[in-house]
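Data block for model_37.txt (compact mmCIF, C-alpha atoms):
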# COMPACT_ATOMS: atom_id res chain seq x y z
CA MET A 1 -26.05 24.34 33.75
CA GLU A 2 -26.72 22.03 30.82
CA TYR A 3 -24.69 18.81 30.72
CA ASN A 4 -23.76 16.89 27.56
CA THR A 5 -25.64 13.88 28.90
CA SER A 6 -28.90 15.85 28.66
CA ARG A 7 -28.21 17.08 25.11
CA THR A 8 -28.99 15.35 21.86
CA HIS A 9 -26.52 12.71 20.69
CA LEU A 10 -23.52 14.26 18.91
CA ARG A 11 -23.52 12.46 15.56
CA MET A 12 -20.09 13.58 14.32
CA PRO A 13 -17.91 14.80 17.23
CA GLU A 14 -15.10 15.91 14.90
CA TYR A 15 -17.29 18.81 13.71
CA GLY A 16 -18.41 19.91 17.14
CA ARG A 17 -21.84 20.62 18.59
CA ASN A 18 -22.25 24.06 16.98
CA ILE A 19 -22.58 22.60 13.49
CA GLN A 20 -25.08 20.02 14.69
CA GLN A 21 -27.17 22.78 16.25
CA LEU A 22 -27.01 24.78 13.00
CA VAL A 23 -28.26 21.75 11.06
CA GLU A 24 -31.10 21.22 13.54
CA HIS A 25 -32.06 24.88 13.17
CA CYS A 26 -31.91 24.60 9.37
CA LYS A 27 -34.46 21.78 9.53
CA THR A 28 -36.94 24.08 11.32
CA LEU A 29 -36.93 26.75 8.59
CA SER A 30 -40.21 26.71 6.69
CA ASN A 31 -38.92 28.49 3.58
CA LYS A 32 -36.95 26.18 1.26
CA ASP A 33 -34.87 29.03 -0.20
CA GLU A 34 -33.75 29.93 3.30
CA ARG A 35 -32.94 26.28 4.01
CA ASN A 36 -30.90 26.06 0.80
CA GLU A 37 -28.99 29.22 1.68
CA MET A 38 -28.29 28.04 5.21
CA ALA A 39 -27.29 24.55 4.04
CA LEU A 40 -24.68 26.07 1.71
CA ALA A 41 -23.33 28.20 4.56
CA ILE A 42 -23.15 25.17 6.87
CA VAL A 43 -21.24 23.13 4.29
CA GLU A 44 -18.74 25.99 3.86
CA PHE A 45 -18.38 26.21 7.65
CA MET A 46 -17.84 22.44 7.87
CA GLY A 47 -15.04 22.72 5.29
CA GLN A 48 -13.38 25.48 7.33
CA ARG A 49 -13.57 23.43 10.52
CA ASN A 50 -11.96 20.44 8.80
CA PRO A 51 -9.50 21.84 6.22
CA HIS A 52 -7.74 18.46 5.91
CA LEU A 53 -10.77 17.22 3.96
CA ARG A 54 -9.73 19.48 1.08
CA ASP A 55 -6.87 17.07 0.35
CA GLU A 56 -9.34 14.24 -0.27
CA GLU A 57 -10.99 13.48 -3.58
CA ASN A 58 -14.56 14.83 -3.97
CA TYR A 59 -14.34 16.52 -0.56
CA LYS A 60 -17.36 18.73 -1.32
CA HIS A 61 -19.46 15.64 -1.95
CA LYS A 62 -18.35 14.23 1.40
CA LEU A 63 -19.30 17.44 3.19
CA TRP A 64 -22.83 17.25 1.76
CA ASP A 65 -23.04 13.60 2.79
CA HIS A 66 -22.03 14.60 6.31
CA LEU A 67 -24.64 17.36 6.30
CA PHE A 68 -27.45 14.88 5.60
CA PHE A 69 -26.02 12.49 8.18
CA PHE A 70 -26.20 15.31 10.73
CA ALA A 71 -29.82 15.87 9.75
CA ASP A 72 -30.61 12.17 10.09
CA TYR A 73 -31.51 12.27 6.36
CA ASP A 74 -34.49 14.48 7.15
CA LEU A 75 -33.52 17.75 5.45
CA ASP A 76 -35.39 19.11 2.44
CA VAL A 77 -32.75 21.09 0.53
CA ASP A 78 -31.40 21.06 -3.03
CA SER A 79 -28.12 19.15 -2.97
CA PRO A 80 -25.64 19.42 -5.87
CA TYR A 81 -24.94 15.70 -5.38
CA PRO A 82 -27.14 12.58 -5.22
CA ILE A 83 -28.51 12.16 -1.73
CA VAL A 84 -27.66 8.85 -0.10
CA THR A 85 -30.56 7.35 1.83
CA GLN A 86 -30.41 5.50 5.13
CA GLU A 87 -31.54 2.34 3.36
CA GLU A 88 -28.60 2.54 0.94
CA LEU A 89 -26.15 3.06 3.80
CA ALA A 90 -27.56 0.04 5.61
CA ILE A 91 -26.67 -2.26 2.68
CA LYS A 92 -23.53 -4.18 3.54
CA PRO A 93 -20.79 -4.17 0.89
CA ARG A 94 -20.13 -7.40 -0.98
CA LYS A 95 -17.58 -9.52 0.80
CA MET A 96 -14.32 -9.58 -1.11
CA ASP A 97 -12.93 -12.94 -2.04
CA TYR A 98 -9.65 -13.60 -0.24
CA PRO A 99 -6.99 -15.37 -2.32
CA THR A 100 -6.70 -18.98 -1.26
CA PHE A 101 -3.84 -21.43 -1.69
CA ASP A 102 -4.21 -25.14 -2.25
CA ASN A 103 -0.91 -25.94 -0.55
CA ASP A 104 0.99 -25.48 2.69
CA TYR A 105 3.35 -22.86 1.28
CA LYS A 106 1.23 -19.76 1.80
CA PHE A 107 4.20 -17.76 3.08
CA TYR A 108 5.73 -17.67 -0.42
CA GLY A 109 2.89 -15.51 -1.71
CA LYS A 110 0.91 -15.45 -4.92
CA SER A 111 3.60 -13.69 -6.95
CA ILE A 112 6.01 -16.60 -6.47
CA LEU A 113 3.35 -19.03 -7.70
CA GLN A 114 2.77 -16.86 -10.76
CA LEU A 115 6.49 -16.80 -11.52
CA ILE A 116 6.65 -20.56 -11.17
CA GLU A 117 3.82 -20.97 -13.67
CA LEU A 118 5.66 -18.64 -16.04
CA ALA A 119 8.91 -20.58 -15.68
CA LYS A 120 7.13 -23.87 -16.39
CA LYS A 121 6.03 -22.54 -19.79
CA LEU A 122 9.50 -21.36 -20.89
CA GLU A 123 11.64 -23.46 -23.16
CA GLU A 124 14.80 -24.96 -21.74
CA GLY A 125 17.71 -22.55 -21.84
CA ASP A 126 19.58 -19.77 -20.04
CA GLU A 127 16.48 -17.59 -19.65
CA LYS A 128 14.55 -20.34 -17.89
CA ASP A 129 17.53 -21.29 -15.70
CA ALA A 130 18.00 -17.67 -14.66
CA LEU A 131 14.31 -17.25 -13.81
CA ILE A 132 14.26 -20.46 -11.76
CA GLN A 133 17.26 -19.26 -9.76
CA VAL A 134 15.63 -15.87 -9.19
CA ILE A 135 12.49 -17.65 -7.95
CA ALA A 136 14.52 -19.87 -5.61
CA ASN A 137 16.42 -16.92 -4.14
CA ASN A 138 13.18 -15.01 -3.51
CA MET A 139 11.59 -18.11 -1.98
CA LYS A 140 14.48 -18.29 0.45
CA LYS A 141 14.05 -14.64 1.44
CA SER A 142 10.29 -15.09 1.93
CA TYR A 143 10.82 -18.23 4.00
CA ASN A 144 13.35 -16.52 6.28
CA VAL A 145 11.12 -13.47 6.79
CA TYR A 146 7.96 -15.47 7.47
CA ASN A 147 9.45 -18.17 9.68
CA LYS A 148 12.12 -15.93 11.24
CA GLU A 149 14.71 -18.66 10.89
CA HIS A 150 17.40 -19.66 8.42
CA VAL A 151 16.41 -22.29 5.87
CA SER A 152 18.77 -24.62 4.05
CA ASP A 153 18.85 -24.52 0.27
CA ASP A 154 17.82 -28.15 -0.12
CA VAL A 155 14.49 -27.30 1.59
CA ILE A 156 13.92 -24.52 -0.95
CA PHE A 157 14.77 -26.90 -3.81
CA ARG A 158 12.26 -29.43 -2.49
CA HIS A 159 9.52 -26.83 -2.09
CA LEU A 160 10.18 -25.54 -5.59
CA LYS A 161 9.75 -29.06 -7.00
CA ASP A 162 6.50 -29.51 -5.09
CA LEU A 163 5.05 -26.18 -6.18
CA SER A 164 5.98 -26.77 -9.82
CA ASP A 165 4.66 -30.37 -9.93
CA ASN A 166 8.26 -31.62 -10.27
CA LYS A 167 8.80 -29.53 -13.43
CA LEU A 168 11.36 -27.12 -11.96
CA ASP A 169 14.33 -28.96 -10.54
CA ILE A 170 17.62 -27.35 -9.50
CA THR A 171 18.67 -29.97 -6.97
CA SER A 172 21.83 -30.40 -9.03
CA LEU A 173 23.10 -27.20 -7.41
CA ASP A 174 24.93 -27.65 -4.14
CA SER A 175 23.58 -24.32 -2.96
CA LEU A 176 22.04 -21.10 -4.21
CA ASP A 177 25.43 -19.45 -3.61
CA LYS A 178 26.69 -21.31 -6.67
CA SER A 179 23.87 -20.17 -8.96
CA LYS A 180 24.55 -17.96 -11.97
CA ILE A 181 22.51 -15.20 -10.36
CA TYR A 182 24.73 -15.24 -7.27
CA TYR A 183 27.94 -15.08 -9.27
CA ALA A 184 26.61 -12.38 -11.59
CA ASN A 185 25.56 -10.20 -8.67
CA ASN A 186 28.84 -10.69 -6.86
CA ARG A 187 30.85 -10.03 -10.01
CA ASN A 188 29.00 -6.75 -10.60
CA LYS A 189 29.41 -5.83 -6.95
CA ASN A 190 33.14 -6.56 -7.02
CA ASN A 191 33.57 -4.63 -10.24
CA ASN A 192 31.82 -1.63 -8.75
CA ASN A 193 33.92 -1.86 -5.59
CA ASN A 194 37.14 -2.11 -7.60
CA LYS A 195 36.11 0.86 -9.74
CA HIS A 196 35.32 2.88 -6.64
CA ASN A 197 38.64 1.95 -4.99
CA ASN A 198 40.59 2.86 -8.13
CA GLN A 199 38.90 6.25 -8.28
CA ASN A 200 39.77 6.90 -4.63
CA ASN A 201 43.39 5.86 -5.16
CA ASN A 202 43.72 8.12 -8.20
CA ARG A 203 42.20 10.99 -6.26
CA ARG A 204 44.69 10.51 -3.41
CA LYS A 205 47.61 10.40 -5.86
CA ASN A 206 46.47 13.61 -7.53
CA ASN A 207 46.01 15.36 -4.19
CA PHE A 208 49.46 14.26 -3.05
CA GLN A 209 51.07 15.41 -6.32
CA ASN A 210 49.33 18.77 -6.13
CA HIS A 211 50.50 19.19 -2.55
CA LYS A 212 54.11 18.48 -3.58
CA ASN A 213 53.90 20.95 -6.45
CA LYS A 214 52.66 23.70 -4.13
CA LYS A 215 55.62 23.19 -1.77
CA ARG A 216 58.02 23.65 -4.65
Written as structure tokens, how would this file's structure read?
Amino acid sequence: MEYNTSRTHLRMPEYGRNIQQLVEHCKTLSNKDERNEMALAIVEFMGQRNPHLRDEENYKHKLWDHLFFFADYDLDVDSPYPIVTQEELAIKPRKMDYPTFDNDYKFYGKSILQLIELAKKLEEGDEKDALIQVIANNMKKSYNVYNKEHVSDDVIFRHLKDLSDNKLDITSLDSLDKSKIYYANNRNKNNNNNKHNNQNNNRRKNNFQNHKNKKR
């Protein structure tokens, strides 16, 4: 009996040992036309064994890359795609720069900082006031999610001043509940609720009237 420990290392277990053995046999063929024909058949077989790869972009290219990986990049066949070498694979990708913050308010996120910069450039008026209040409300949500605790509005007002270099100040508000945004949202919500209730009441009246008419 032959044990797996005595066999060659299985390079891609998801394909199984049969495909690896086919690739190893393909490498031993002396005729290049035969190798090309067998390589095509192996790639088709690999696609059948892993049909989920068909949902990926350029899946055929990936199958050919896997074929050469199986062969340890020592397979002389005509590939329809550029052949990646071992040296190219060994090159480490460039490290991506991670966004950094020059303050202690990282939990607010970069989008809040961008909105603050936008608000600083706006002229005084209703549009700027509305944007500042939107920013403050979103800061409060971010703070509560990140710190998992309730935060008072005066803390948000202070953080907003710090982040805007004292250019955005809404400390005149007692709370965010008294902002225009809060009232506008509540007014729309109440209007929608009233409209919904009126529709339900009218529907009940009509049903009751129809029921009375049927009895007559």
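If you look at CA of Arg158 in chain A and CA of Ala136 in chain A, they are 10.3 Å away from each other.
Here CA of Tyr146 in chain A is placed at a distance of 6.2 Å from CA of Phe107 in chain A.
Candidate residues A:Tyr81, A:Tyr73, A:Phe157, A:Tyr105 were compared for distance to Gln133 in chain A, and the nearest is A:Phe157, using all atoms listed in the file.
If you look at CA of Arg94 in chain A and CA of Ala71 in chain A, they are 27.4 Å away from each other.
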Polymer residues at most 12 Å from Leu118 in chain A, all atoms listed in the file, same-chain spacing of 2 or more positions, as a PyMOL selection string: chain A and resi 111-116+120-123+127-128+131-132+135+164+167-168
Residues within 9 Å of Asn50 in chain A, all atoms listed in the file, excluding chain neighbours under 5 positions, as a list of chain:residue names: A:Glu14, A:Tyr15, A:Phe45
Just to be explicit: take each residue in the selection above, keep C-alpha atoms, and write the result as a compact mmCIF listing (two decimals), in the coordinates of the input.
# COMPACT_ATOMS: atom_id res chain seq x y z
CA GLU A 14 -15.10 15.91 14.90
CA TYR A 15 -17.29 18.81 13.71
CA PHE A 45 -18.38 26.21 7.65
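Around Met38 in chain A, within 9 Å and counting only C-alpha atoms, the residues found are A:Leu22, A:Val23, A:Cys26, A:Asp33, A:Val43, once anything fewer than 5 positions away on its own chain is removed.
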Spatial neighbours of Leu53 in chain A, 12 Å, all atoms listed in the file, chain gap at least 4 places, as a ChimeraX atom specification: /A:14-15,44,46-49,57-63,66
Cut-off 12 Å around (14.7, -20.8, 3.9) with only C-alpha atoms: residues as number ranges by chain: A: 105, 107-108, 136-160, 175-176
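Proximity ranking of A:His52, A:Lys95, A:Ser79, A:His25 relative to Leu40 in chain A places A:Ser79 first, based on all atoms listed in the file.
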Any idea what's packed within 10 Å of Thr8 in chain A, counting only C-alpha atoms, ignoring anything in its chain fewer than 5 positions away? Could you give it as a short mmCIF file (atom, residue, chain, number, x, y, z; two decimals) with C-alpha atoms, in the frame of the given file?
data_model
loop_
_atom_site.label_atom_id
_atom_site.label_comp_id
_atom_site.auth_asym_id
_atom_site.auth_seq_id
_atom_site.Cartn_x
_atom_site.Cartn_y
_atom_site.Cartn_z
CA ARG A 17 -21.84 20.62 18.59
CA GLN A 20 -25.08 20.02 14.69
CA GLN A 21 -27.17 22.78 16.25
#
